[in-house]
Structures are given as structure tokens and as C-alpha cells.
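Shown next: coords.csv, containing CSV, C-alpha atoms.
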```csv
chain,number,residue,atom,x,y,z
A,1317,MET,CA,-56.2,-1.6,-87.7
A,1318,THR,CA,-52.6,-1.2,-86.5
A,1319,ASP,CA,-50.6,2.0,-86.4
A,1320,THR,CA,-47.0,2.4,-85.5
A,1321,SER,CA,-45.3,5.3,-83.7
A,1322,ALA,CA,-42.6,6.7,-86.0
A,1323,ALA,CA,-40.6,7.9,-83.0
A,1324,HIS,CA,-40.4,4.8,-81.0
A,1325,GLY,CA,-41.7,1.9,-83.0
A,1326,ILE,CA,-44.6,1.1,-80.7
A,1327,PRO,CA,-47.4,-0.8,-82.3
A,1328,ILE,CA,-50.7,0.8,-81.4
A,1329,SER,CA,-53.5,-1.7,-82.0
A,1330,GLY,CA,-57.1,-0.6,-82.4
A,1331,GLY,CA,-56.6,2.9,-83.8
A,1332,PRO,CA,-57.7,6.2,-82.2
A,1333,LYS,CA,-60.9,4.8,-80.7
A,1334,SER,CA,-59.4,2.0,-78.8
A,1335,LEU,CA,-57.2,1.7,-75.8
A,1336,ARG,CA,-54.8,-1.0,-74.8
A,1337,VAL,CA,-55.3,-1.9,-71.1
A,1338,LEU,CA,-52.5,-3.5,-69.3
A,1339,SER,CA,-53.5,-5.2,-66.0
A,1340,THR,CA,-51.5,-6.0,-62.9
A,1341,THR,CA,-51.1,-9.6,-64.3
A,1342,ASP,CA,-49.9,-8.4,-67.7
A,1343,LEU,CA,-47.2,-6.3,-66.2
A,1344,ALA,CA,-46.2,-8.8,-63.5
A,1345,GLY,CA,-44.6,-11.2,-66.0
A,1346,ILE,CA,-42.4,-8.6,-67.7
A,1347,ASP,CA,-38.7,-9.2,-67.0
A,1348,ILE,CA,-36.7,-6.0,-66.4
A,1349,SER,CA,-33.4,-5.6,-64.6
A,1350,LEU,CA,-32.8,-3.2,-61.7
A,1351,ALA,CA,-30.1,-1.5,-63.7
A,1352,ASP,CA,-32.5,-0.9,-66.6
A,1353,VAL,CA,-35.0,0.7,-64.2
A,1354,VAL,CA,-32.3,3.0,-62.7
A,1355,ALA,CA,-31.2,4.0,-66.2
A,1356,THR,CA,-34.7,4.8,-67.3
A,1357,VAL,CA,-35.5,6.8,-64.2
A,1358,GLU,CA,-32.2,8.7,-64.4
A,1359,GLY,CA,-32.9,9.5,-68.1
A,1360,ALA,CA,-36.3,11.0,-67.1
A,1361,TYR,CA,-34.6,13.3,-64.6
A,1362,ARG,CA,-32.0,14.4,-67.1
A,1363,THR,CA,-34.6,15.2,-69.7
A,1364,LEU,CA,-36.6,17.2,-67.2
A,1365,HIS,CA,-33.5,19.2,-66.2
A,1366,ALA,CA,-32.7,19.9,-69.9
A,1367,GLY,CA,-36.1,21.6,-70.2
A,1368,GLN,CA,-37.5,19.0,-72.6
A,1369,SER,CA,-40.2,17.6,-70.2
A,1370,ASP,CA,-43.0,19.0,-68.2
A,1371,ASN,CA,-43.8,18.0,-64.6
A,1372,PRO,CA,-46.5,20.2,-63.1
A,1373,ARG,CA,-47.3,20.2,-59.5
A,1374,LYS,CA,-49.6,17.4,-58.4
A,1375,LEU,CA,-53.2,18.0,-57.4
A,1376,THR,CA,-54.4,16.6,-54.1
A,1377,VAL,CA,-57.8,15.9,-52.6
A,1378,LYS,CA,-58.2,14.8,-49.0
A,1379,PRO,CA,-61.3,14.8,-46.8
A,1380,GLN,CA,-61.3,16.6,-43.5
A,1381,ASP,CA,-61.1,13.4,-41.4
A,1382,GLY,CA,-58.1,12.2,-43.4
A,1383,HIS,CA,-59.5,8.7,-44.2
A,1384,SER,CA,-58.4,8.9,-47.8
A,1385,VAL,CA,-56.1,10.8,-50.2
A,1386,SER,CA,-56.2,11.3,-54.0
A,1387,TYR,CA,-53.6,12.6,-56.4
A,1388,ALA,CA,-53.7,13.5,-60.1
A,1389,MET,CA,-50.4,14.1,-61.9
A,1390,LEU,CA,-50.1,15.2,-65.5
A,1391,GLY,CA,-46.8,15.2,-67.4
A,1392,ARG,CA,-45.0,15.1,-70.7
A,1393,ASP,CA,-41.8,13.3,-71.5
A,1394,GLY,CA,-39.9,15.2,-74.2
A,1395,SER,CA,-37.4,12.5,-75.1
A,1396,ARG,CA,-40.1,9.9,-75.7
A,1397,ASN,CA,-42.7,12.4,-77.0
A,1398,VAL,CA,-45.5,11.0,-74.8
A,1399,VAL,CA,-48.1,12.7,-72.6
A,1400,ALA,CA,-49.6,10.9,-69.6
A,1401,ILE,CA,-51.7,11.3,-66.6
A,1402,LYS,CA,-51.3,9.3,-63.4
A,1403,THR,CA,-54.1,9.0,-60.8
A,1404,SER,CA,-53.6,7.6,-57.3
A,1405,TYR,CA,-56.3,6.9,-54.7
A,1406,LYS,CA,-55.7,5.5,-51.2
A,1407,HIS,CA,-58.6,4.7,-48.8
A,1408,GLY,CA,-58.5,3.6,-45.2
A,1409,LEU,CA,-55.6,5.7,-43.9
A,1410,ASP,CA,-57.2,5.7,-40.5
A,1411,LYS,CA,-57.1,1.9,-40.4
A,1412,GLY,CA,-54.5,-0.9,-40.4
A,1413,ARG,CA,-52.6,-1.9,-43.5
A,1414,GLU,CA,-54.8,-4.9,-44.2
A,1415,GLU,CA,-57.9,-2.8,-44.4
A,1416,GLN,CA,-56.5,-0.1,-46.7
A,1417,ARG,CA,-57.3,0.1,-50.4
A,1418,TYR,CA,-55.0,1.6,-53.0
A,1419,TYR,CA,-55.5,2.1,-56.7
A,1420,THR,CA,-53.2,3.8,-59.2
A,1421,ALA,CA,-53.3,4.0,-63.0
A,1422,LEU,CA,-51.3,5.6,-65.8
A,1423,THR,CA,-52.7,6.5,-69.2
A,1424,ILE,CA,-50.2,7.3,-71.9
A,1425,TYR,CA,-50.6,9.0,-75.3
A,1426,ASP,CA,-48.1,9.2,-78.1
A,1427,ASP,CA,-47.6,12.9,-78.9
A,1428,THR,CA,-46.1,12.2,-82.3
A,1429,THR,CA,-49.0,10.2,-83.7
A,1430,GLY,CA,-51.7,11.5,-81.5
A,1431,LEU,CA,-52.8,8.0,-80.6
A,1432,PRO,CA,-53.3,6.4,-77.2
A,1433,VAL,CA,-50.5,4.0,-76.2
A,1434,ALA,CA,-51.9,2.2,-73.1
A,1435,MET,CA,-53.7,2.5,-69.8
A,1436,MET,CA,-52.0,0.4,-67.1
A,1437,ASP,CA,-52.0,-0.4,-63.4
A,1438,CYS,CA,-49.3,1.8,-62.0
A,1439,SER,CA,-48.5,-0.2,-58.9
A,1440,ARG,CA,-45.5,-2.0,-60.2
A,1441,ILE,CA,-44.2,1.1,-61.9
A,1442,GLY,CA,-44.3,2.9,-58.6
A,1443,SER,CA,-42.8,0.0,-56.6
A,1444,LEU,CA,-39.8,0.1,-58.9
A,1445,ARG,CA,-39.5,3.9,-59.6
A,1446,THR,CA,-39.4,5.0,-56.0
A,1447,PRO,CA,-36.6,2.8,-54.7
A,1448,ALA,CA,-34.7,3.5,-58.0
A,1449,VAL,CA,-34.9,7.2,-57.1
A,1450,SER,CA,-33.7,6.5,-53.6
A,1451,ALA,CA,-30.8,4.5,-55.0
A,1452,LEU,CA,-29.9,7.4,-57.3
A,1453,LEU,CA,-30.0,9.8,-54.4
A,1454,ALA,CA,-27.7,7.5,-52.5
A,1455,ARG,CA,-25.3,7.3,-55.4
A,1456,GLU,CA,-25.1,11.1,-55.6
A,1457,CYS,CA,-25.4,12.1,-52.0
A,1458,ALA,CA,-24.0,9.3,-49.8
A,1459,ALA,CA,-20.6,9.8,-48.2
A,1460,PRO,CA,-17.7,8.3,-50.2
A,1461,ALA,CA,-17.0,4.7,-49.3
A,1462,SER,CA,-20.3,4.2,-47.5
A,1463,ARG,CA,-20.6,0.7,-46.2
A,1464,SER,CA,-23.8,0.3,-44.2
A,1465,ALA,CA,-27.5,0.9,-44.9
A,1466,LEU,CA,-30.6,0.9,-42.8
A,1467,VAL,CA,-34.1,0.4,-44.3
A,1468,ILE,CA,-37.0,1.3,-42.0
A,1469,GLY,CA,-40.2,-0.5,-43.1
A,1470,THR,CA,-41.0,-3.7,-44.9
A,1471,GLY,CA,-43.9,-2.8,-47.1
A,1472,THR,CA,-43.8,-2.4,-50.9
A,1473,GLN,CA,-41.1,0.2,-50.9
A,1474,GLY,CA,-39.0,-1.4,-48.2
A,1475,ARG,CA,-38.8,-4.7,-50.1
A,1476,LEU,CA,-36.9,-3.3,-53.0
A,1477,ALA,CA,-34.9,-0.6,-51.3
A,1478,LEU,CA,-31.8,-2.7,-50.6
A,1479,PRO,CA,-31.6,-4.4,-54.0
A,1480,PHE,CA,-31.7,-1.0,-55.7
A,1481,LEU,CA,-29.2,0.4,-53.2
A,1482,LEU,CA,-26.8,-2.4,-54.0
A,1483,THR,CA,-27.3,-1.6,-57.7
A,1484,THR,CA,-25.9,1.9,-57.3
A,1485,LEU,CA,-23.7,1.4,-54.2
A,1486,PRO,CA,-22.2,-2.1,-54.6
A,1487,GLY,CA,-19.7,-1.5,-51.8
A,1488,LEU,CA,-22.4,-1.7,-49.1
A,1489,ASP,CA,-21.6,-4.7,-46.9
A,1490,ARG,CA,-23.9,-4.2,-43.9
A,1491,LEU,CA,-27.6,-4.3,-44.8
A,1492,MET,CA,-29.9,-3.6,-41.8
A,1493,VAL,CA,-33.7,-3.7,-41.7
A,1494,PHE,CA,-36.1,-2.5,-39.1
A,1495,GLY,CA,-39.7,-3.9,-39.4
A,1496,THR,CA,-42.5,-5.2,-37.2
A,1497,HIS,CA,-44.3,-7.5,-39.6
A,1498,PRO,CA,-42.8,-11.0,-39.9
A,1499,ASP,CA,-44.3,-11.5,-43.3
A,1500,GLY,CA,-42.8,-8.2,-44.5
A,1501,ILE,CA,-39.4,-9.1,-43.1
A,1502,ALA,CA,-39.5,-12.4,-44.9
A,1503,ALA,CA,-40.5,-10.7,-48.1
A,1504,VAL,CA,-37.5,-8.2,-47.8
A,1505,ARG,CA,-35.1,-11.1,-47.3
A,1506,GLU,CA,-36.6,-13.0,-50.3
A,1507,GLU,CA,-36.5,-10.0,-52.6
A,1508,LEU,CA,-32.9,-9.4,-51.8
A,1509,ARG,CA,-31.9,-13.0,-52.5
A,1510,VAL,CA,-33.7,-12.9,-55.9
A,1511,HIS,CA,-31.4,-10.1,-57.0
A,1512,PHE,CA,-28.3,-10.8,-54.9
A,1513,PRO,CA,-28.4,-14.5,-53.9
A,1514,ASP,CA,-25.2,-14.2,-51.8
A,1515,ARG,CA,-26.4,-11.4,-49.6
A,1516,ASP,CA,-28.7,-11.3,-46.5
A,1517,ILE,CA,-30.2,-8.8,-44.2
A,1518,GLU,CA,-29.6,-8.1,-40.6
A,1519,ILE,CA,-32.8,-7.6,-38.6
A,1520,VAL,CA,-32.4,-4.8,-36.0
A,1521,THR,CA,-34.7,-4.0,-33.1
A,1522,ASP,CA,-33.0,-0.9,-31.7
A,1523,VAL,CA,-33.5,1.8,-34.3
A,1524,ARG,CA,-31.4,4.3,-32.5
A,1525,GLU,CA,-28.4,2.0,-32.4
A,1526,ALA,CA,-28.8,0.9,-36.0
A,1527,ALA,CA,-29.2,4.5,-37.2
A,1528,ALA,CA,-26.0,5.5,-35.4
A,1529,ASP,CA,-24.1,2.9,-37.5
A,1530,ALA,CA,-25.7,3.6,-40.8
A,1531,ASP,CA,-24.1,5.6,-43.7
A,1532,VAL,CA,-27.5,5.5,-45.5
A,1533,VAL,CA,-30.9,5.5,-43.9
A,1534,VAL,CA,-34.0,5.0,-46.1
A,1535,ALA,CA,-37.3,5.4,-44.3
A,1536,THR,CA,-40.1,3.7,-46.1
A,1537,ALA,CA,-42.5,2.7,-43.3
A,1538,GLY,CA,-46.2,3.4,-43.1
A,1539,ALA,CA,-47.8,6.2,-41.1
A,1540,HIS,CA,-48.4,4.0,-38.1
A,1541,THR,CA,-44.7,3.1,-37.5
A,1542,LEU,CA,-43.2,3.7,-34.1
A,1543,ALA,CA,-39.8,4.4,-35.6
A,1544,ALA,CA,-38.7,8.1,-35.7
A,1545,VAL,CA,-35.0,8.6,-36.2
A,1546,GLU,CA,-33.8,11.8,-34.6
A,1547,ALA,CA,-31.0,14.0,-36.1
A,1548,GLU,CA,-28.7,13.5,-33.1
A,1549,TRP,CA,-28.8,9.7,-33.7
A,1550,LEU,CA,-27.2,10.0,-37.1
A,1551,LYS,CA,-23.4,9.9,-37.4
A,1552,PRO,CA,-21.4,12.6,-39.3
A,1553,GLY,CA,-21.7,12.1,-43.1
A,1554,ALA,CA,-25.0,10.1,-42.9
A,1555,LEU,CA,-27.6,10.4,-45.6
A,1556,SER,CA,-31.2,10.0,-44.7
A,1557,VAL,CA,-33.8,9.5,-47.4
A,1558,LEU,CA,-37.5,10.0,-46.6
A,1559,VAL,CA,-39.9,8.0,-48.8
A,1560,GLY,CA,-42.7,7.3,-46.3
A,1561,HIS,CA,-42.3,7.5,-42.6
A,1562,GLY,CA,-39.6,6.7,-40.0
A,1563,LEU,CA,-37.6,9.9,-39.7
A,1564,ALA,CA,-38.4,12.6,-37.2
A,1565,PRO,CA,-38.6,16.2,-38.4
A,1566,SER,CA,-35.3,17.0,-36.8
A,1567,THR,CA,-33.5,15.1,-39.5
A,1568,LEU,CA,-34.8,17.6,-42.0
A,1569,HIS,CA,-34.5,20.8,-39.9
A,1570,ARG,CA,-31.0,20.1,-38.5
A,1571,ALA,CA,-29.5,18.6,-41.7
A,1572,ASP,CA,-26.4,20.3,-43.1
A,1573,ARG,CA,-27.8,20.0,-46.6
A,1574,VAL,CA,-31.3,19.3,-47.9
A,1575,ILE,CA,-32.0,17.7,-51.3
A,1576,ALA,CA,-35.5,17.2,-52.7
A,1577,THR,CA,-36.7,15.6,-55.9
A,1578,SER,CA,-39.2,18.5,-56.0
A,1579,GLU,CA,-39.3,21.3,-53.5
A,1580,ALA,CA,-42.9,22.1,-54.5
A,1581,GLN,CA,-44.0,18.5,-53.9
A,1582,MET,CA,-42.2,18.4,-50.6
A,1583,ASN,CA,-44.2,21.5,-49.5
A,1584,VAL,CA,-47.4,19.7,-50.5
A,1585,THR,CA,-46.8,16.1,-49.2
A,1586,GLY,CA,-44.2,16.7,-46.5
A,1587,THR,CA,-46.2,18.7,-44.1
A,1588,ASP,CA,-45.8,16.1,-41.4
A,1589,MET,CA,-42.1,17.1,-41.3
A,1590,ALA,CA,-43.0,20.8,-40.6
A,1591,ASP,CA,-41.6,22.6,-37.5
A,1592,VAL,CA,-43.8,23.9,-34.6
A,1593,ASP,CA,-44.6,26.9,-36.8
A,1594,GLY,CA,-45.8,24.7,-39.6
A,1595,LYS,CA,-42.8,25.6,-41.8
A,1596,LEU,CA,-40.4,23.5,-43.9
A,1597,PRO,CA,-36.9,24.7,-44.6
A,1598,ALA,CA,-35.8,25.7,-48.1
A,1599,VAL,CA,-34.0,23.0,-50.0
A,1600,ASP,CA,-30.3,23.5,-51.0
A,1601,SER,CA,-30.9,21.8,-54.3
A,1602,GLU,CA,-33.5,19.9,-56.2
A,1603,PHE,CA,-32.3,16.5,-57.5
A,1604,PRO,CA,-32.4,17.0,-61.3
A,1605,PRO,CA,-29.5,19.5,-61.3
A,1606,VAL,CA,-27.6,17.3,-59.0
A,1607,LEU,CA,-27.8,14.4,-61.5
A,1608,ALA,CA,-26.9,16.8,-64.3
A,1609,GLY,CA,-23.7,17.8,-62.4
A,1610,ILE,CA,-24.9,21.5,-62.1
A,1611,THR,CA,-25.1,21.4,-58.3
A,1612,ALA,CA,-23.4,19.1,-55.8
A,1613,GLY,CA,-25.2,16.4,-53.9
A,1614,ARG,CA,-22.7,16.6,-51.1
A,1615,LEU,CA,-20.1,19.3,-50.2
A,1616,SER,CA,-18.1,17.4,-47.6
A,1617,SER,CA,-17.8,13.8,-46.2
A,1618,THR,CA,-19.1,14.9,-42.8
A,1619,GLU,CA,-22.3,16.6,-43.9
A,1620,ARG,CA,-25.5,15.1,-42.6
A,1621,ILE,CA,-27.8,15.2,-45.7
A,1622,PHE,CA,-31.6,14.9,-45.8
A,1623,ALA,CA,-33.1,13.8,-49.1
A,1624,TYR,CA,-36.9,14.0,-49.8
A,1625,ASN,CA,-38.0,11.4,-52.3
A,1626,SER,CA,-41.6,12.4,-53.4
A,1627,GLY,CA,-41.4,11.0,-56.9
A,1628,LEU,CA,-42.0,12.9,-60.1
A,1629,VAL,CA,-44.6,11.9,-62.7
A,1630,VAL,CA,-42.1,12.1,-65.5
A,1631,THR,CA,-40.3,9.1,-64.0
A,1632,ASP,CA,-43.6,7.2,-63.9
A,1633,ILE,CA,-44.2,8.1,-67.5
A,1634,ALA,CA,-40.7,7.1,-68.7
A,1635,LEU,CA,-40.8,3.7,-66.9
A,1636,GLY,CA,-44.5,3.1,-67.7
A,1637,HIS,CA,-43.8,3.8,-71.4
A,1638,HIS,CA,-40.9,1.4,-71.3
A,1639,PHE,CA,-43.2,-1.3,-69.8
A,1640,ALA,CA,-45.8,-0.5,-72.4
A,1641,GLN,CA,-43.3,-1.1,-75.2
A,1642,LEU,CA,-42.2,-4.4,-73.7
A,1643,ALA,CA,-45.8,-5.5,-73.0
A,1644,ILE,CA,-47.1,-4.6,-76.5
A,1645,ALA,CA,-44.1,-6.3,-78.1
A,1646,GLN,CA,-45.2,-9.5,-76.3
A,1647,GLY,CA,-48.8,-9.1,-77.3
A,1648,LEU,CA,-50.0,-8.5,-73.7
A,1649,GLY,CA,-53.1,-6.5,-72.7
A,1650,THR,CA,-56.6,-6.1,-73.9
A,1651,GLU,CA,-58.0,-3.7,-76.5
A,1652,VAL,CA,-61.0,-1.8,-75.2
A,1653,PRO,CA,-63.2,0.2,-77.7
A,1654,LEU,CA,-63.3,3.0,-75.2
A,1655,TRP,CA,-64.3,5.8,-77.6
A,1656,GLN,CA,-66.6,3.9,-79.9
```

As C-alpha cells:
Amino acid sequence: MTDTSAAHGIPISGGPKSLRVLSTTDLAGIDISLADVVATVEGAYRTLHAGQSDNPRKLTVKPQDGHSVSYAMLGRDGSRNVVAIKTSYKHGLDKGREEQRYYTALTIYDDTTGLPVAMMDCSRIGSLRTPAVSALLARECAAPASRSALVIGTGTQGRLALPFLLTTLPGLDRLMVFGTHPDGIAAVREELRVHFPDRDIEIVTDVREAAADADVVVATAGAHTLAAVEAEWLKPGALSVLVGHGLAPSTLHRADRVIATSEAQMNVTGTDMADVDGKLPAVDSEFPPVLAGITAGRLSSTERIFAYNSGLVVTDIALGHHFAQLAIAQGLGTEVPLWQ
């Protein structure tokens, strides 16, 4: 049995009692441009700002010893008429990177037909969505004529940070990377050359010196990083974007302007940036109205701006739905009679 979504032309195989499962391997072979990812993510933000989508606050579970963390995020994309839930589970936060375990999945339902679309591994979705958001933040909040960028960390997020930044800020001509893992550094360089064959990275060892020269700093490192850029290291007009770790709390508390993808999520997941009283400053604007042109990302060329990139599930839904469309059109995935 095959049904088709009238709204988006997505073939749903198996009917209401089956679910299309898209594995890591299924999604790995799908070709998608960085510009396409940026446009999809930007569209999700604009739809949310227009009041057509729903992005409730995420639920978090974490044991007292902090060895794991779990999230559940439900959302609805009003332009695509789909509902989805994303789950995320990370284990081994008290151990080294090689001993950690991470699982994330996205399940999407078509809210026009009432049928399931797909359940997929969400790791590639997240690895693309997050640096795309950082690149959009840079496009809207970086100082005019920004030329240099520093990426802290060489993990999953660090590897795509520069290709996405170059997609939205093609004028960048100095690309700096701070990392301590040789394999990660090699992967960052290779990823950049895949998308921009004529560009290369500059490996830096002095974070303070590099931060002082950077127009844009994107901190993507893991919790065990030794890097912690302080506010006074940043030059006037610098934009610092926090994705993971690598920025000290002073970059937030002493910023001239604070932008967050979601203030509520920053208050949940950004507690490590709190002051001595355990408080976070209020944001000057959330990012959706900045993209919509309602509020300004930057008021002057000399403002030091802090941007908190926590990710919103509506961006996962939009990008995941786009991947599902591409995958199903190519006949990828496995039908599972989940409800039979």
C-alpha cells in the first residue's frame, strides 16, 4: 500500500501501521549542498517567527553524577505541516571522547494525511543544522567586512563550521582553528577542501593571540577543552558564537549585545556560563526576529556580540523532513511494521 502526501508529494510506503526507518548509512549517501541546508534552516526560523510553527521548551534528564544527559524535543513545522519528536541521549560525559556514546533520533509525522513519514538517525541532521545556524548568526551579527574567523574544537561541529561560515561570509580570508586532536585537525582541513578546494586552515596554538585577531569566534569544543576565551581578549566588533565549549563566561556577561536562538533553552543548557550568583543575563534579542528584520543583530561596528546557538527542534524537523523527502524519492530506508 502506498499513500502520498497531498501537501508535499512525499510517498509514504506501508500505510498507517508501518514506519520508514532511515539509518545512518541511508542518510550518508544523500547529496545536499551547504547553501540548501542554510536555506532550509533559515526557512524554519522564519516560519517560527511568523507564528506558524511550535517549538516548546526541551525536556532534560540528567543523573546527579552527571555521567549522562537526555533530551526530548517536540515540535511542529507549520509550513511543511509535519509534527516530529527528537530524542537525544549522551552517555560517558565523565570520560574521554572515545569512551562516550551518543544516540539521537527524529520521528516525523505528516499532519495533513495523519501518516508517519519516517524515523531517522538524527546525527547528520544535527551535524549540518548547528553549523548552518552559526553561519546565519555570523551573517546577521558579524561586523561589516569581517575577514577572519577562529574555530575552537575539531569534533563533529568544528569540522563543518568553516565551510558553512564561508557559505554565508565568503569574504573571510583568514581561517584559524584551535584543536588538540591531530585526527580532528586533519578532518577539519579535509572537510574544508571538500567544499572549498582552494582554501586551507591555519592551525593556532595560542588561543588568546588568535582570538584577538578574529572577527568571528565559534566555540565548538567538548567539555574537557582547555580553551576559554575571555572577554578582554576579543577585539572591538568581534562576534563570539557558543555552540559547545571554549568561551569563558565573561564573553557573555561583558558582551555589548547578547543574541540567543532561544533564551529559554539558553537558561536550561547554558548554566555553565552563569555568574558567581548562578545567573545568566537577559538576551537583547532572540534570533528569529533578527532574521525576520524585526530586531537588529548588531547596532554598531564596534559592539562585542555574544551569540548562543542552542539549536531549535523546528530546524531539525525542517532539515530532517527535507532529507526524508530525498531519501524516499531514492527508495532508501526500511519499512518496519511497527504498529502491526

Top pick for closest residue to Leu1409 of chain A, considering A:Ile1501, A:Ala1477, A:Met1389, A:Ala1539 and counting all atoms listed in the file:
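Looking at the shortest contact to Leu1409 of chain A, the residue is A:Ala1539.
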
Given all atoms listed in the file as the basis, pick out the residue of A:Glu1507, A:Gly1408, A:Glu1414, A:Ser1395 nearest to Thr1428 of chain A.
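Going through A:Glu1507, A:Gly1408, A:Glu1414, A:Ser1395 one by one, the smallest distance to Thr1428 of chain A is for A:Ser1395.
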
Near Gly1500 of chain A, counting only C-alpha atoms, which residues have an atom at most 8 Å away, once you skip same-chain residues fewer than 3 positions from it, shown as a list in words?
Thr1470, Gly1471, Arg1475, Gly1495, Thr1496, His1497, Ala1503 and Val1504 of chain A

Which residue is closest to Ala1421 of chain A? Choose from A:Met1435, A:Ala1459, A:Leu1635, A:Ala1580 and count all atoms listed in the file.
A:Met1435

Have a look at atom CA of Ile1644 of chain A and atom CA of Thr1631 of chain A and let me know their distance in Å, one decimal.
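Those two atoms sit 19.8 Å apart.
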
Which residue of A:Ala1448, A:Val1629, A:Leu1478, A:Ala1547 approaches Glu1518 of chain A most closely, using all atoms listed in the file
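Between A:Ala1448, A:Val1629, A:Leu1478, A:Ala1547, the residue approaching Glu1518 of chain A most closely is A:Leu1478.
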
Counting only C-alpha atoms, the option among A:Thr1420, A:Ser1404, A:Thr1483, A:Ser1464 closest to Leu1350 of chain A:
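Checking each of A:Thr1420, A:Ser1404, A:Thr1483, A:Ser1464 against Leu1350 of chain A, counting only C-alpha atoms, the winner is A:Thr1483.
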
Please provide the set of residues having any atom within 9 Å of Pro1565 of chain A, restricted to all atoms listed in the file, with same-chain residues fewer than 5 positions apart removed, written as an MDAnalysis selection string.
chainID A and resid 1544:1547 1570 1588:1591

Next, the residues of the selection above should be written as a PDB file, in the coordinates of the input with C-alpha atoms.
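Final file, again.pdb:
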```
ATOM      1  CA  ALA A1544     -38.700   8.100 -35.700  1.00  0.00           C
ATOM      2  CA  VAL A1545     -35.000   8.600 -36.200  1.00  0.00           C
ATOM      3  CA  GLU A1546     -33.800  11.800 -34.600  1.00  0.00           C
ATOM      4  CA  ALA A1547     -31.000  14.000 -36.100  1.00  0.00           C
ATOM      5  CA  ARG A1570     -31.000  20.100 -38.500  1.00  0.00           C
ATOM      6  CA  ASP A1588     -45.800  16.100 -41.400  1.00  0.00           C
ATOM      7  CA  MET A1589     -42.100  17.100 -41.300  1.00  0.00           C
ATOM      8  CA  ALA A1590     -43.000  20.800 -40.600  1.00  0.00           C
ATOM      9  CA  ASP A1591     -41.600  22.600 -37.500  1.00  0.00           C
TER      10      ASP A1591
END
```

Which residues come within 9 Å of Arg1524 of chain A, counting all atoms listed in the file, excluding same-chain residues fewer than 3 positions away, as JSON, numbers by chain?
{"A": [1521, 1527, 1528, 1529, 1543, 1544, 1545, 1546, 1549, 1550]}

Suppose we keep C-alpha atoms; can you now write the selection as a short mmCIF file (atom, residue, chain, number, x, y, z; two decimals), in the coordinates of the input?
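Output file result.cif follows:
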```cif
data_model
loop_
_atom_site.label_atom_id
_atom_site.label_comp_id
_atom_site.auth_asym_id
_atom_site.auth_seq_id
_atom_site.Cartn_x
_atom_site.Cartn_y
_atom_site.Cartn_z
CA THR A 1521 -34.70 -4.00 -33.10
CA ALA A 1527 -29.20 4.50 -37.20
CA ALA A 1528 -26.00 5.50 -35.40
CA ASP A 1529 -24.10 2.90 -37.50
CA ALA A 1543 -39.80 4.40 -35.60
CA ALA A 1544 -38.70 8.10 -35.70
CA VAL A 1545 -35.00 8.60 -36.20
CA GLU A 1546 -33.80 11.80 -34.60
CA TRP A 1549 -28.80 9.70 -33.70
CA LEU A 1550 -27.20 10.00 -37.10
#
```

If we count only C-alpha atoms and set the cut-off at 10 Å, which residues sit around Arg1440 of chain A, ignoring sequence neighbours fewer than 4 positions away in its own chain? Please answer as a list in words.
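What passes the distance filter is Thr1340, Leu1343, Ala1344, Thr1420, Met1436, Leu1444, Arg1445, Thr1472, Leu1635, Gly1636 and Phe1639 of chain A.
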
So the first atom is atom CA of Arg1417 of chain A and the second is atom CA of Asp1381 of chain A; what is the distance between them in Å, to one decimal place?
16.5 Å

So what do you get for atom CA of Gly1649 of chain A versus atom CA of Asp1437 of chain A, distance-wise?
11.2 Å

Give me the residues near Leu1542 of chain A as a ChimeraX atom specification, where near means some atom within 12 Å (using only C-alpha atoms) and where sequence neighbours in that chain fewer than 5 positions away do not count.
/A:1468-1469,1494-1496,1521-1524,1535,1537,1561-1564

Give as number ranges by chain the set of residues within 12 Å of the point (-32.3, 5.8, -50.9), where distances use the file's coordinates and only C-alpha atoms.
A: 1445-1458, 1465-1468, 1473-1474, 1476-1485, 1531-1536, 1554-1560, 1575-1577, 1621-1626

Counting all atoms listed in the file, which residues come within 7 Å of (-49.8, 14.4, -57.3), with the point read in the file's coordinates, and could you list them as a list of chain:residue names?
A:Arg1373, A:Lys1374, A:Leu1375, A:Thr1376, A:Tyr1387, A:Ala1388, A:Met1389

Selection from above, C-alpha atoms, as a PDB file, in the coordinates of the input, can you write it?
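Resulting contents of result.pdb:
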```pdb
ATOM      1  CA  ARG A1373     -47.300  20.200 -59.500  1.00  0.00           C
ATOM      2  CA  LYS A1374     -49.600  17.400 -58.400  1.00  0.00           C
ATOM      3  CA  LEU A1375     -53.200  18.000 -57.400  1.00  0.00           C
ATOM      4  CA  THR A1376     -54.400  16.600 -54.100  1.00  0.00           C
ATOM      5  CA  TYR A1387     -53.600  12.600 -56.400  1.00  0.00           C
ATOM      6  CA  ALA A1388     -53.700  13.500 -60.100  1.00  0.00           C
ATOM      7  CA  MET A1389     -50.400  14.100 -61.900  1.00  0.00           C
TER       8      MET A1389
END
```

Which residue of A:Cys1438, A:Leu1508, A:Val1574, A:Val1493 approaches Asp1342 of chain A most closely, using only C-alpha atoms
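Residue with the minimum atom-to-atom distance to Asp1342 of chain A: A:Cys1438.
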